[in-house]
$ cat work-v9.cif   # mmCIF, C-alpha atoms
data_work
#
loop_
_atom_site.label_atom_id
_atom_site.label_comp_id
_atom_site.auth_asym_id
_atom_site.auth_seq_id
_atom_site.Cartn_x
_atom_site.Cartn_y
_atom_site.Cartn_z
CA MET J 36 0.00 0.00 0.00
CA LYS J 37 2.83 2.33 0.95
CA LYS J 38 4.52 1.71 -2.40
CA VAL J 39 1.31 2.59 -4.19
CA ILE J 40 1.00 5.84 -2.26
CA LEU J 41 4.65 6.70 -2.92
CA PHE J 42 4.27 6.00 -6.60
CA SER J 43 1.09 8.08 -6.76
CA VAL J 44 2.86 10.96 -5.07
CA LEU J 45 5.71 10.73 -7.55
CA LEU J 46 3.33 10.71 -10.48
CA ALA J 47 1.39 13.64 -9.07
CA ALA J 48 4.54 15.59 -8.37
CA MET J 49 5.94 14.99 -11.83
CA SER J 50 2.79 15.90 -13.69
CA CYS J 51 3.85 19.55 -13.74
CA GLY J 52 5.78 19.32 -16.99
CA SER J 53 9.30 18.79 -18.18
CA GLY J 54 12.05 19.08 -15.63
CA ASN J 55 15.41 20.78 -15.37
CA GLN J 56 18.51 18.69 -14.90
CA SER J 57 19.55 20.15 -11.61
CA ASN J 58 20.91 17.00 -10.06
CA ASP J 59 23.67 14.88 -11.52
CA ALA J 60 22.18 11.71 -10.10
CA VAL J 61 19.09 11.92 -12.31
CA ILE J 62 19.59 9.25 -14.92
CA GLY J 63 19.35 10.62 -18.42
CA GLY J 64 17.90 13.94 -17.24
CA ASP J 65 14.39 13.11 -18.46
CA SER J 66 11.81 14.50 -16.04
CA SER J 67 10.06 11.16 -15.94
CA THR J 68 13.26 9.41 -14.86
CA VAL J 69 13.81 8.63 -11.23
CA ASP J 70 17.09 7.38 -9.78
CA THR J 71 16.73 4.83 -7.02
CA ALA J 72 20.41 3.88 -6.97
CA SER J 73 21.25 5.13 -3.49
CA SER J 74 19.85 3.17 -0.60
CA ASN J 75 16.21 3.93 0.23
CA SER J 76 16.35 7.27 -1.54
CA VAL J 77 14.77 8.59 -4.70
CA VAL J 78 16.32 11.47 -6.61
CA LEU J 79 13.55 13.63 -8.01
CA PRO J 80 13.80 16.06 -10.91
CA GLN J 81 13.54 19.71 -9.94
CA ASP J 82 9.96 20.12 -11.19
CA ALA J 83 8.86 17.27 -8.97
CA VAL J 84 10.67 18.79 -5.97
CA GLU J 85 8.97 22.14 -6.64
CA GLY J 86 5.59 20.42 -6.93
CA ILE J 87 6.04 18.77 -3.53
CA VAL J 88 7.36 21.96 -1.90
CA LYS J 89 4.17 23.77 -2.97
CA THR J 90 2.13 20.98 -1.39
CA ILE J 91 3.39 21.54 2.15
CA PRO J 92 1.15 23.70 4.36
CA SER J 93 2.51 27.02 5.55
CA PRO J 94 3.56 27.28 9.23
CA ILE J 95 1.14 30.23 9.36
CA GLU J 96 -1.73 27.71 9.38
CA THR J 97 -0.17 25.93 12.36
CA SER J 98 0.08 29.20 14.28
CA VAL J 99 -3.52 30.16 13.53
CA ILE J 100 -4.71 26.70 14.65
CA ILE J 101 -2.75 27.04 17.91
CA LYS J 102 -4.17 30.50 18.61
CA LYS J 103 -7.75 29.50 17.79
CA ALA J 104 -7.38 26.45 20.06
CA GLY J 105 -6.64 28.83 22.93
CA GLY J 106 -2.89 28.37 23.00
CA GLU J 107 -1.15 31.20 24.81
CA TYR J 108 1.72 33.08 23.19
CA ASN J 109 4.99 31.63 24.46
CA LYS J 110 8.15 33.43 23.44
CA ALA J 111 10.30 30.91 25.30
CA ILE J 112 9.67 28.17 22.73
CA LEU J 113 10.98 30.25 19.82
CA ASN J 114 14.57 30.24 18.57
CA PRO J 115 16.26 33.23 20.28
CA THR J 116 17.30 35.88 17.76
CA GLU J 117 20.83 36.00 19.21
CA ASN J 118 21.44 32.58 17.69
CA SER J 119 21.33 33.95 14.14
CA LYS J 120 25.00 35.00 14.28
CA ASN J 121 26.04 31.39 14.98
CA TYR J 122 24.92 30.05 11.60
CA SER J 123 27.85 30.23 9.20
CA SER J 124 27.19 27.51 6.61
CA SER J 125 24.59 27.85 3.85
CA PHE J 126 23.01 24.64 5.20
CA LYS J 127 22.44 26.15 8.65
CA LYS J 128 21.43 29.53 7.26
CA ALA J 129 18.74 28.03 5.03
CA LEU J 130 17.36 25.75 7.75
CA ASN J 131 17.23 28.54 10.31
CA LEU J 132 15.77 31.01 7.82
CA GLY J 133 12.86 28.57 7.77
CA VAL J 134 12.86 28.36 11.57
CA TYR J 135 12.83 32.15 11.99
CA GLY J 136 10.21 32.44 9.24
CA ALA J 137 7.91 30.13 11.21
CA ASP J 138 8.66 32.04 14.42
CA LEU J 139 7.88 35.31 12.63
CA GLY J 140 4.55 33.91 11.43
CA TYR J 141 3.70 32.81 15.00
CA ILE J 142 4.63 36.25 16.35
CA ASN J 143 2.60 38.02 13.65
CA ILE J 144 -0.46 35.83 14.29
CA TYR J 145 -0.31 36.91 17.94
CA GLU J 146 0.17 40.50 16.74
CA LYS J 147 3.40 41.04 18.68
CA ASN J 148 4.56 43.58 16.13
CA LYS J 149 7.47 44.97 18.11
CA GLU J 150 8.78 41.48 18.80
CA SER J 151 8.51 40.74 15.11
CA LEU J 152 11.12 43.43 14.36
CA TYR J 153 13.82 41.43 16.15
CA TYR J 154 12.87 38.31 14.22
CA LEU J 155 12.79 40.25 10.95
CA GLN J 156 16.35 41.33 11.69
CA SER J 157 17.40 37.69 12.07
CA VAL J 158 15.53 36.78 8.88
CA LYS J 159 17.36 39.63 7.11
CA GLU J 160 20.78 38.48 8.35
CA LEU J 161 20.25 34.94 7.15
CA ALA J 162 18.58 35.95 3.89
CA ASP J 163 21.47 38.33 3.13
CA GLY J 164 23.91 35.51 3.92
CA LEU J 165 22.19 33.39 1.26
CA ASN J 166 22.06 36.32 -1.21
CA ILE J 167 18.27 36.44 -1.16
CA GLY J 168 17.88 39.47 1.11
CA GLN J 169 16.66 41.56 -1.84
CA PHE J 170 13.19 40.07 -1.45
CA PHE J 171 12.65 41.86 1.85
CA ASP J 172 12.17 45.63 1.99
CA PHE J 173 12.98 45.86 5.66
CA GLU J 174 12.55 49.59 5.95
CA THR J 175 8.91 49.40 4.79
CA ILE J 176 8.26 46.31 6.89
CA LYS J 177 9.77 48.01 9.95
CA ARG J 178 7.50 51.01 9.48
CA MET J 179 4.49 48.75 9.24
CA ALA J 180 5.51 46.78 12.31
CA GLY J 181 5.23 49.98 14.32
CA SER J 182 1.44 49.71 14.39
CA SER J 183 -0.73 46.78 15.42
CA LYS J 184 -3.27 47.96 12.81
CA ASN J 185 -0.91 46.63 10.15
CA ALA J 186 -0.68 43.06 11.49
CA ASP J 187 -2.58 41.48 8.58
CA SER J 188 -0.65 43.39 5.96
CA LEU J 189 2.64 42.55 7.64
CA LEU J 190 1.75 38.88 7.60
CA ASN J 191 0.74 39.05 3.93
CA ILE J 192 3.92 40.85 2.92
CA THR J 193 6.28 38.48 4.70
CA THR J 194 4.37 35.49 3.27
CA ASP J 195 4.70 37.00 -0.21
CA ASN J 196 8.44 37.56 0.36
CA PHE J 197 8.96 33.91 1.29
CA ASN J 198 6.93 32.80 -1.77
CA GLN J 199 9.14 34.97 -3.99
CA ILE J 200 12.29 33.52 -2.41
CA ASN J 201 11.00 30.04 -3.11
CA ASP J 202 10.34 30.83 -6.78
CA TYR J 203 13.74 32.50 -7.12
CA LEU J 204 15.65 29.57 -5.60
CA PHE J 205 13.99 27.16 -8.02
CA GLN J 206 14.75 29.45 -10.96
CA LYS J 207 18.40 29.49 -9.90
CA ASN J 208 18.59 25.70 -9.44
CA ARG J 209 19.00 26.11 -5.69
CA SER J 210 16.13 23.80 -4.84
CA ASP J 211 18.14 22.22 -1.98
CA GLN J 212 18.05 25.55 -0.13
CA SER J 213 14.34 25.94 -0.78
CA VAL J 214 13.75 22.49 0.70
CA LEU J 215 15.89 23.32 3.75
CA ILE J 216 13.93 26.54 4.37
CA LEU J 217 10.70 24.56 4.08
CA LEU J 218 11.93 21.83 6.41
CA GLY J 219 13.23 24.27 9.04
CA GLY J 220 9.86 26.03 9.03
CA TRP J 221 7.87 22.82 9.27
CA ILE J 222 9.93 21.40 12.15
CA GLU J 223 9.73 24.69 14.06
CA GLY J 224 5.95 24.86 13.51
CA LEU J 225 5.52 21.26 14.67
CA ASN J 226 7.68 21.91 17.73
CA ILE J 227 5.55 24.94 18.68
CA MET J 228 2.41 22.84 18.14
CA CYS J 229 3.72 19.95 20.27
CA GLU J 230 4.87 22.20 23.13
CA THR J 231 1.47 23.93 23.17
CA ALA J 232 -0.50 20.66 22.88
CA ILE J 233 1.35 18.97 25.74
CA LYS J 234 0.84 21.98 27.99
CA SER J 235 -2.85 22.37 27.18
CA LYS J 236 -3.71 18.65 26.62
CA ASN J 237 -6.02 19.89 23.88
CA PRO J 238 -7.37 16.96 21.77
CA LYS J 239 -7.83 19.30 18.77
CA LEU J 240 -4.11 19.97 18.78
CA TYR J 241 -3.33 16.25 19.22
CA GLU J 242 -5.38 15.63 16.09
CA LYS J 243 -3.51 18.35 14.19
CA ILE J 244 -0.20 16.76 15.20
CA GLY J 245 -1.43 13.38 13.94
CA GLU J 246 -2.44 14.92 10.61
CA GLN J 247 1.22 15.79 10.01
CA LYS J 248 1.62 12.13 9.03
CA ILE J 249 0.41 13.18 5.57
CA VAL J 250 2.97 15.97 5.40
CA ILE J 251 5.99 14.04 6.66
CA ASP J 252 5.59 11.46 3.90
CA GLN J 253 6.00 14.29 1.38
CA LEU J 254 8.91 15.85 3.25
CA VAL J 255 10.83 12.59 3.52
CA LEU J 256 10.34 12.01 -0.19
CA VAL J 257 11.71 15.43 -1.07
CA ILE J 258 14.61 15.57 1.41
CA SER J 259 15.77 12.09 0.39
CA SER J 260 16.43 13.55 -3.03
CA PHE J 261 19.38 15.54 -1.68
CA GLU J 262 21.10 12.82 0.36
CA SER J 263 24.30 13.14 -1.66
CA ASP J 264 25.03 16.09 0.68
CA ALA J 265 26.30 14.69 4.01
CA ASN J 266 24.53 17.35 6.13
CA ILE J 267 21.24 16.76 4.39
CA ARG J 268 21.69 12.98 4.65
CA GLU J 269 21.91 13.25 8.45
CA LEU J 270 18.81 15.44 8.52
CA SER J 271 17.02 13.01 6.23
CA MET J 272 17.84 10.10 8.56
CA GLY J 273 16.29 12.05 11.44
CA MET J 274 13.17 12.69 9.36
CA LYS J 275 12.88 9.00 8.51
CA GLU J 276 13.05 8.14 12.22
CA MET J 277 10.25 10.62 12.82
CA GLN J 278 8.26 9.12 9.95
CA LYS J 279 8.44 5.70 11.63
CA ILE J 280 6.75 7.13 14.72
CA PHE J 281 4.07 8.79 12.58
CA GLU J 282 3.38 5.44 10.90
CA LYS J 283 1.61 4.31 14.09
CA VAL J 284 -0.91 7.16 13.78
CA GLU J 285 -4.15 6.12 12.03
CA ILE J 286 -6.01 8.47 9.71
CA THR J 287 -9.30 7.40 8.18
CA TYR J 288 -11.04 9.21 5.35
CA THR J 289 -14.67 8.84 4.34
CA TYR J 290 -15.78 10.34 1.06
CA LYS J 291 -19.28 11.73 0.67
CA GLU J 292 -20.43 13.87 -2.22
CA SER J 293 -20.11 17.55 -1.40
CA LYS J 294 -22.67 20.31 -1.90
CA MET J 295 -22.15 23.65 -3.56
CA GLU J 296 -23.56 26.99 -2.44
CA ILE J 297 -22.99 30.57 -3.54
CA VAL J 298 -21.83 32.51 -0.49
CA ASP J 299 -21.15 36.25 -0.89
CA GLY J 300 -21.04 35.75 -4.65
CA ILE J 301 -18.42 32.99 -4.49
CA PRO J 302 -19.10 29.28 -5.17
CA THR J 303 -18.40 27.51 -1.91
CA ILE J 304 -17.97 23.79 -1.41
CA VAL J 305 -19.79 22.45 1.63
CA ASP J 306 -17.83 19.32 2.47
CA LYS J 307 -19.62 16.14 3.54
CA SER J 308 -16.49 13.97 3.60
CA GLU J 309 -14.62 13.57 6.85
CA SER J 310 -11.27 12.50 8.23
CA LYS J 311 -10.55 11.08 11.66
CA VAL J 312 -7.19 10.81 13.40
CA ASN J 313 -6.45 8.15 15.98
CA ILE J 314 -3.49 9.29 18.06
CA SER J 315 -2.73 8.57 21.72
CA GLU J 316 -1.16 10.92 24.25
CA SER J 317 1.93 8.69 24.38
CA GLN J 318 2.29 8.96 20.59
CA VAL J 319 2.06 12.75 20.87
CA LEU J 320 4.82 12.68 23.51
CA GLU J 321 6.96 10.47 21.32
CA ILE J 322 6.50 12.78 18.31
CA ALA J 323 7.18 15.82 20.49
CA LYS J 324 10.45 14.32 21.73
CA ILE J 325 11.88 13.43 18.35
CA THR J 326 10.72 16.79 16.95
CA LYS J 327 12.47 18.65 19.76
CA ASP J 328 15.67 16.61 19.33
CA LEU J 329 15.76 17.35 15.61
CA ARG J 330 14.86 21.00 16.11
CA ASP J 331 17.55 21.45 18.78
CA LYS J 332 20.18 20.09 16.38
CA ILE J 333 19.01 22.59 13.76
CA VAL J 334 19.08 25.68 15.97
CA LYS J 335 22.23 24.96 18.00
CA MET M 156 -8.87 49.96 3.59
CA LYS M 157 -6.20 47.55 4.86
CA LYS M 158 -6.28 45.54 1.66
CA PHE M 159 -5.77 48.66 -0.47
CA ILE M 160 -2.79 49.68 1.66
CA PHE M 161 -1.34 46.20 1.26
CA THR M 162 -1.89 46.22 -2.50
CA GLY M 163 -0.16 49.59 -2.78
CA ILE M 164 2.78 48.45 -0.67
CA LEU M 165 3.18 45.24 -2.64
CA LEU M 166 3.30 47.23 -5.86
CA LEU M 167 5.85 49.64 -4.45
CA LEU M 168 7.99 46.88 -3.04
CA ALA M 169 7.93 44.74 -6.03
CA GLY M 170 10.23 46.29 -8.54
CA VAL M 171 6.95 45.72 -10.13
CA SER M 172 6.85 42.71 -12.39
CA ASN M 173 3.63 41.50 -13.97
CA SER M 174 3.37 38.50 -11.69
CA GLN M 175 3.64 40.69 -8.62
CA PHE M 176 0.94 43.01 -9.96
CA LYS M 177 -1.25 39.94 -10.31
CA THR M 178 -0.42 38.68 -6.83
CA ALA M 179 -1.32 42.07 -5.39
CA ASP M 180 -4.60 42.05 -7.36
CA CYS M 181 -5.44 38.63 -6.00
CA VAL M 182 -4.44 39.44 -2.42
CA ALA M 183 -6.64 42.53 -2.51
CA LYS M 184 -9.65 40.22 -2.94
CA LEU M 185 -8.90 38.03 0.09
CA ASN M 186 -11.47 39.72 2.32
CA GLY M 187 -10.58 38.27 5.72
CA PHE M 188 -8.67 35.24 4.49
CA THR M 189 -4.95 34.86 5.26
CA PHE M 190 -2.65 34.63 2.25
CA LEU M 191 -0.74 31.33 1.88
CA LYS M 192 0.61 30.61 -1.60
CA THR M 193 0.91 32.04 -5.08
CA TYR M 194 0.63 29.88 -8.18
CA LYS M 195 1.97 31.25 -11.45
CA LEU M 196 -0.15 30.33 -14.43
CA ASP M 197 2.21 31.52 -17.12
CA ASN M 198 0.96 29.28 -19.89
CA PRO M 199 -2.79 29.77 -20.04
CA SER M 200 -3.14 27.64 -23.15
CA LYS M 201 -2.50 24.60 -20.95
CA GLU M 202 -4.17 23.12 -17.90
CA SER M 203 -2.10 23.50 -14.73
CA GLU M 204 -2.36 21.36 -11.64
CA PHE M 205 -1.06 22.01 -8.12
CA SER M 206 -1.52 20.08 -4.91
CA TYR M 207 -1.79 21.21 -1.29
CA VAL M 208 -2.51 19.55 2.05
CA PHE M 209 -5.78 21.11 3.25
CA SER M 210 -6.58 20.94 6.92
CA LYS M 211 -9.89 19.94 8.53
CA ASP M 212 -11.96 22.83 9.92
CA ASN M 213 -10.10 25.44 7.88
CA SER M 214 -11.84 27.35 5.09
CA TYR M 215 -9.84 27.95 1.94
CA ILE M 216 -10.27 30.25 -1.02
CA ILE M 217 -8.58 30.00 -4.42
CA ILE M 218 -8.63 33.25 -6.41
CA ILE M 219 -7.65 33.63 -10.06
CA CYS M 220 -6.32 36.93 -11.42
CA SER M 221 -5.15 37.90 -14.89
CA LYS M 222 -3.11 40.79 -16.21
CA ASP M 223 -6.21 42.57 -17.43
CA GLY M 224 -7.96 41.86 -14.14
CA ASN M 225 -10.70 39.81 -15.75
CA PRO M 226 -10.11 36.05 -15.81
CA SER M 227 -13.47 35.50 -17.45
CA GLU M 228 -12.39 32.47 -19.43
CA SER M 229 -10.53 30.60 -16.70
CA SER M 230 -11.66 28.27 -13.97
CA VAL M 231 -10.32 26.22 -11.10
CA SER M 232 -11.62 22.81 -10.07
CA LEU M 233 -10.84 21.10 -6.79
CA PHE M 234 -10.27 17.35 -6.40
CA ASP M 235 -9.66 15.25 -3.30
CA ALA M 236 -6.77 12.78 -2.86
CA ASN M 237 -8.68 10.11 -4.74
CA LYS M 238 -9.33 12.56 -7.58
CA ASN M 239 -13.03 12.88 -6.80
CA MET M 240 -14.03 16.27 -8.16
CA LEU M 241 -15.53 18.44 -5.41
CA ALA M 242 -16.50 21.49 -7.44
CA SER M 243 -15.45 24.04 -10.03
CA SER M 244 -15.51 27.81 -10.25
CA TYR M 245 -17.24 27.37 -13.62
CA ASP M 246 -21.00 26.99 -13.35
CA GLU M 247 -21.75 24.77 -16.31
CA ALA M 248 -25.53 25.02 -15.96
CA ASN M 249 -25.50 28.82 -16.21
CA LYS M 250 -22.32 29.07 -18.33
CA ARG M 251 -20.81 31.40 -15.77
CA HIS M 252 -17.18 31.78 -14.65
CA TYR M 253 -16.47 32.90 -11.09
CA TYR M 254 -13.13 34.45 -10.10
CA ALA M 255 -12.83 32.29 -6.98
CA LEU M 256 -13.72 28.99 -5.38
CA ALA M 257 -14.09 28.52 -1.62
CA TYR M 258 -13.89 25.28 0.34
CA ASN M 259 -14.90 24.57 3.93
CA CYS M 260 -12.65 21.57 4.57
CA LYS M 261 -13.88 18.73 6.77
CA ALA M 262 -11.24 16.16 5.88
CA THR M 263 -7.50 16.73 6.13
CA GLY M 264 -5.62 15.41 3.13
CA MET M 265 -4.00 16.06 -0.20
CA TYR M 266 -6.13 18.06 -2.61
CA TYR M 267 -5.53 18.98 -6.24
CA MET M 268 -6.32 22.33 -7.85
CA LYS M 269 -6.70 22.14 -11.61
CA PHE M 270 -6.70 25.43 -13.53
CA LYS M 271 -8.22 25.50 -16.98
CA PHE M 272 -8.33 28.21 -19.63
CA ASP M 273 -11.08 28.17 -22.21
CA LYS M 274 -9.33 30.90 -24.21
CA PRO M 275 -5.72 32.08 -23.95
CA SER M 276 -5.95 35.36 -22.04
CA GLY M 277 -2.38 36.33 -21.18
CA ASP M 278 -0.53 35.61 -17.97
CA CYS M 279 -2.61 34.69 -14.96
CA SER M 280 -1.85 33.87 -11.38
CA SER M 281 -3.73 32.47 -8.47
CA VAL M 282 -3.48 32.76 -4.72
CA LEU M 283 -4.54 30.33 -2.04
CA ALA M 284 -5.65 31.71 1.31
CA PHE M 285 -7.39 30.38 4.40
CA LYS M 286 -9.24 31.24 7.57
CA ARG M 287 -10.29 29.28 10.61
#
$ encode --input "work-v9.cif" --output "structure tokens"
Amino acid sequence: MKKVILFSVLLAAMSCGSGNQSNDAVIGGDSSTVDTASSNSVVLPQDAVEGIVKTIPSPIETSVIIKKAGGEYNKAILNPTENSKNYSSSFKKALNLGVYGADLGYINIYEKNKESLYYLQSVKELADGLNIGQFFDFETIKRMAGSSKNADSLLNITTDNFNQINDYLFQKNRSDQSVLILLGGWIEGLNIMCETAIKSKNPKLYEKIGEQKIVIDQLVLVISSFESDANIRELSMGMKEMQKIFEKVEITYTYKESKMEIVDGIPTIVDKSESKVNISESQVLEIAKITKDLRDKIVK
Amino acid sequence: MKKFIFTGILLLLAGVSNSQFKTADCVAKLNGFTFLKTYKLDNPSKESEFSYVFSKDNSYIIIICSKDGNPSESSVSLFDANKNMLASSYDEANKRHYYALAYNCKATGMYYMKFKFDKPSGDCSSVLAFKR
């Protein structure tokens, strides 16, 4: 069953068109060609990687879910901004750009605009270090951060900046860095979610953690593609360990035909299908532990 | 008011390429939804498909924008992980195109957005946004 799902994901990811030959390990360079030569890893063409990257939910969603579930703002669980000067390699810069991006989203959702300035500074440092700082107009963003009235706009602008960075990195055949930014952001978002869920014992948040099983399968697929890099290989091994824990989580899906209504002039799908997640508290604790271990390695 | 300010700022920031104009146009229509992703639809003579993991109890909106601001000949259809079609922004019965499609998600999973252009109409883009 797992093989079928994996194959379906590959097909879906590769349906976006012809690929660029960004990775030497891709046999023949045809976008439909997949190299499975290295152990347990699949090297995907760049178009397929981009397709999967676009599939992964934004950490902004995680932060909104936490806030709506009554989670209190907790600065202590974020990566301190002073750490940004410790990241010297491109690998660490990209990963922690994702981490700070997720932290910034969390801060913006809680409308801590002044706090967001410090995190924007860290984002700027790391983005400049990766030569992608041009996508942030920090002076304008700083001015906006001065007023809580601008919280929505600030969130939209920083989201747009990260989207532009993602497009740029793919254009420049730097998809590995795009994947690292994505991964850093996802792990940070999951860590914030786990910390909040354990503290509040909120079953809604447990369920949201369990749903990440769908996401981690995509992430493992995409990160495995870059295992020729020793740093990424180590990270990929950690992700595969995490995936094994998620395998114990059960998600069931029941399809029922949906209804359509026009709401405020827009066709709106009223869903009748449903999904259910079966996850125990001990599984949540296990996921939280491995997430924290992986996250601590990233931010140290 | 906020959305107009944001649109203006995006345009100023952008160095102002066509795609960014389109993103700003789309974002200006979000109306309470939080912006998530942009999808470039640079070849409107072809169908384009993107996937995204939608989350239970979130509401999503997919908005299509074109350079001339009127994507009257384009549509987006949404499919679940098993490729069951949920709905389209094109109302076949009334032959009407809508600029957006909204989805109140009750089942977390992979979903597919398929964009279709009945007539080539220049560059288009789309944004995905959500609220809870």
$ atom_distance --input "work-v9.cif" --atom1 "CA of Gly264 (chain M)" --atom2 "CA of Ile91 (chain J)"
10.9 Å
$ closest_atom_pairs --input "work-v9.cif" --of "chain J" --to "chain M" --cutoff "9 Å" --atoms "all atoms listed in the file" --output "JSON lines"
{"residue": "J:Ala47", "atom": "CA", "partner": "M:Ser206", "partner_atom": "CA", "distance": 8.2}
{"residue": "J:Ala48", "atom": "CA", "partner": "M:Ser206", "partner_atom": "CA", "distance": 8.3}
{"residue": "J:Ser50", "atom": "CA", "partner": "M:Glu204", "partner_atom": "CA", "distance": 7.8}
{"residue": "J:Cys51", "atom": "CA", "partner": "M:Glu204", "partner_atom": "CA", "distance": 6.8}
{"residue": "J:Gly86", "atom": "CA", "partner": "M:Phe205", "partner_atom": "CA", "distance": 6.9}
{"residue": "J:Ile87", "atom": "CA", "partner": "M:Ser206", "partner_atom": "CA", "distance": 7.8}
{"residue": "J:Lys89", "atom": "CA", "partner": "M:Tyr207", "partner_atom": "CA", "distance": 6.7}
{"residue": "J:Thr90", "atom": "CA", "partner": "M:Tyr207", "partner_atom": "CA", "distance": 3.9}
{"residue": "J:Ile91", "atom": "CA", "partner": "M:Tyr207", "partner_atom": "CA", "distance": 6.2}
{"residue": "J:Pro92", "atom": "CA", "partner": "M:Val208", "partner_atom": "CA", "distance": 6.0}
{"residue": "J:Ser93", "atom": "CA", "partner": "M:Leu191", "partner_atom": "CA", "distance": 6.5}
{"residue": "J:Ile95", "atom": "CA", "partner": "M:Leu191", "partner_atom": "CA", "distance": 7.8}
{"residue": "J:Glu96", "atom": "CA", "partner": "M:Phe285", "partner_atom": "CA", "distance": 8.0}
{"residue": "J:Val99", "atom": "CA", "partner": "M:Arg287", "partner_atom": "CA", "distance": 7.4}
{"residue": "J:Ile100", "atom": "CA", "partner": "M:Arg287", "partner_atom": "CA", "distance": 7.4}
{"residue": "J:Lys103", "atom": "CA", "partner": "M:Arg287", "partner_atom": "CA", "distance": 7.6}
{"residue": "J:Phe170", "atom": "CA", "partner": "M:Ala169", "partner_atom": "CA", "distance": 8.4}
{"residue": "J:Phe171", "atom": "CA", "partner": "M:Leu168", "partner_atom": "CA", "distance": 8.4}
{"residue": "J:Asp172", "atom": "CA", "partner": "M:Leu168", "partner_atom": "CA", "distance": 6.7}
{"residue": "J:Thr175", "atom": "CA", "partner": "M:Ile164", "partner_atom": "CA", "distance": 8.3}
{"residue": "J:Lys184", "atom": "CA", "partner": "M:Lys157", "partner_atom": "CA", "distance": 8.5}
{"residue": "J:Asn185", "atom": "CA", "partner": "M:Lys157", "partner_atom": "CA", "distance": 7.5}
{"residue": "J:Asp187", "atom": "CA", "partner": "M:Thr189", "partner_atom": "CA", "distance": 7.8}
{"residue": "J:Ser188", "atom": "CA", "partner": "M:Phe161", "partner_atom": "CA", "distance": 5.5}
{"residue": "J:Leu189", "atom": "CA", "partner": "M:Phe161", "partner_atom": "CA", "distance": 8.4}
{"residue": "J:Leu190", "atom": "CA", "partner": "M:Phe190", "partner_atom": "CA", "distance": 8.1}
{"residue": "J:Asn191", "atom": "CA", "partner": "M:Phe190", "partner_atom": "CA", "distance": 5.8}
{"residue": "J:Ile192", "atom": "CA", "partner": "M:Leu165", "partner_atom": "CA", "distance": 7.1}
{"residue": "J:Thr194", "atom": "CA", "partner": "M:Leu191", "partner_atom": "CA", "distance": 6.7}
{"residue": "J:Asp195", "atom": "CA", "partner": "M:Lys192", "partner_atom": "CA", "distance": 7.7}
{"residue": "J:Asn198", "atom": "CA", "partner": "M:Lys192", "partner_atom": "CA", "distance": 6.7}
{"residue": "J:Gln199", "atom": "CA", "partner": "M:Thr193", "partner_atom": "CA", "distance": 8.8}
{"residue": "J:Lys243", "atom": "CA", "partner": "M:Ser210", "partner_atom": "CA", "distance": 8.3}
{"residue": "J:Glu246", "atom": "CA", "partner": "M:Thr263", "partner_atom": "CA", "distance": 7.0}
{"residue": "J:Ile249", "atom": "CA", "partner": "M:Gly264", "partner_atom": "CA", "distance": 6.9}
{"residue": "J:Val250", "atom": "CA", "partner": "M:Val208", "partner_atom": "CA", "distance": 7.4}
{"residue": "J:Tyr288", "atom": "CA", "partner": "M:Ala262", "partner_atom": "CA", "distance": 7.0}
{"residue": "J:Thr289", "atom": "CA", "partner": "M:Ala262", "partner_atom": "CA", "distance": 8.2}
{"residue": "J:Tyr290", "atom": "CA", "partner": "M:Asn239", "partner_atom": "CA", "distance": 8.7}
{"residue": "J:Glu292", "atom": "CA", "partner": "M:Leu241", "partner_atom": "CA", "distance": 7.4}
{"residue": "J:Ser293", "atom": "CA", "partner": "M:Leu241", "partner_atom": "CA", "distance": 6.2}
{"residue": "J:Lys294", "atom": "CA", "partner": "M:Leu241", "partner_atom": "CA", "distance": 8.2}
{"residue": "J:Met295", "atom": "CA", "partner": "M:Ala242", "partner_atom": "CA", "distance": 7.2}
{"residue": "J:Val298", "atom": "CA", "partner": "M:Ala257", "partner_atom": "CA", "distance": 8.8}
{"residue": "J:Gly300", "atom": "CA", "partner": "M:Tyr253", "partner_atom": "CA", "distance": 8.4}
{"residue": "J:Ile301", "atom": "CA", "partner": "M:Ala255", "partner_atom": "CA", "distance": 6.2}
{"residue": "J:Pro302", "atom": "CA", "partner": "M:Leu256", "partner_atom": "CA", "distance": 5.4}
{"residue": "J:Thr303", "atom": "CA", "partner": "M:Ala257", "partner_atom": "CA", "distance": 4.4}
{"residue": "J:Ile304", "atom": "CA", "partner": "M:Tyr258", "partner_atom": "CA", "distance": 4.7}
{"residue": "J:Val305", "atom": "CA", "partner": "M:Asn259", "partner_atom": "CA", "distance": 5.8}
{"residue": "J:Asp306", "atom": "CA", "partner": "M:Lys261", "partner_atom": "CA", "distance": 5.9}
{"residue": "J:Lys307", "atom": "CA", "partner": "M:Lys261", "partner_atom": "CA", "distance": 7.1}
{"residue": "J:Ser308", "atom": "CA", "partner": "M:Ala262", "partner_atom": "CA", "distance": 6.1}
{"residue": "J:Glu309", "atom": "CA", "partner": "M:Ala262", "partner_atom": "CA", "distance": 4.4}
{"residue": "J:Ser310", "atom": "CA", "partner": "M:Ala262", "partner_atom": "CA", "distance": 4.3}
{"residue": "J:Lys311", "atom": "CA", "partner": "M:Ala262", "partner_atom": "CA", "distance": 7.7}
$ atom_distance --input "work-v9.cif" --atom1 "CA of Ser125 (chain J)" --atom2 "CA of Tyr203 (chain J)"
16.1 Å
$ closest_residue --input "work-v9.cif" --among "M:Ile217, M:Leu196, M:Arg251, M:Ala183" --to "Leu283 (chain M)" --atoms "only C-alpha atoms"
M:Ile217
$ resolve_selection --input "work-v9.cif" --expression "the PyMOL selection byres ((chain J and resi 211-221) around 9)" --output "VMD selection string"
chain J and resid 84 to 85 88 91 to 94 125 to 138 165 200 to 202 204 to 205 208 to 210 222 to 226 254 257 to 258 260 to 261 267 330 333
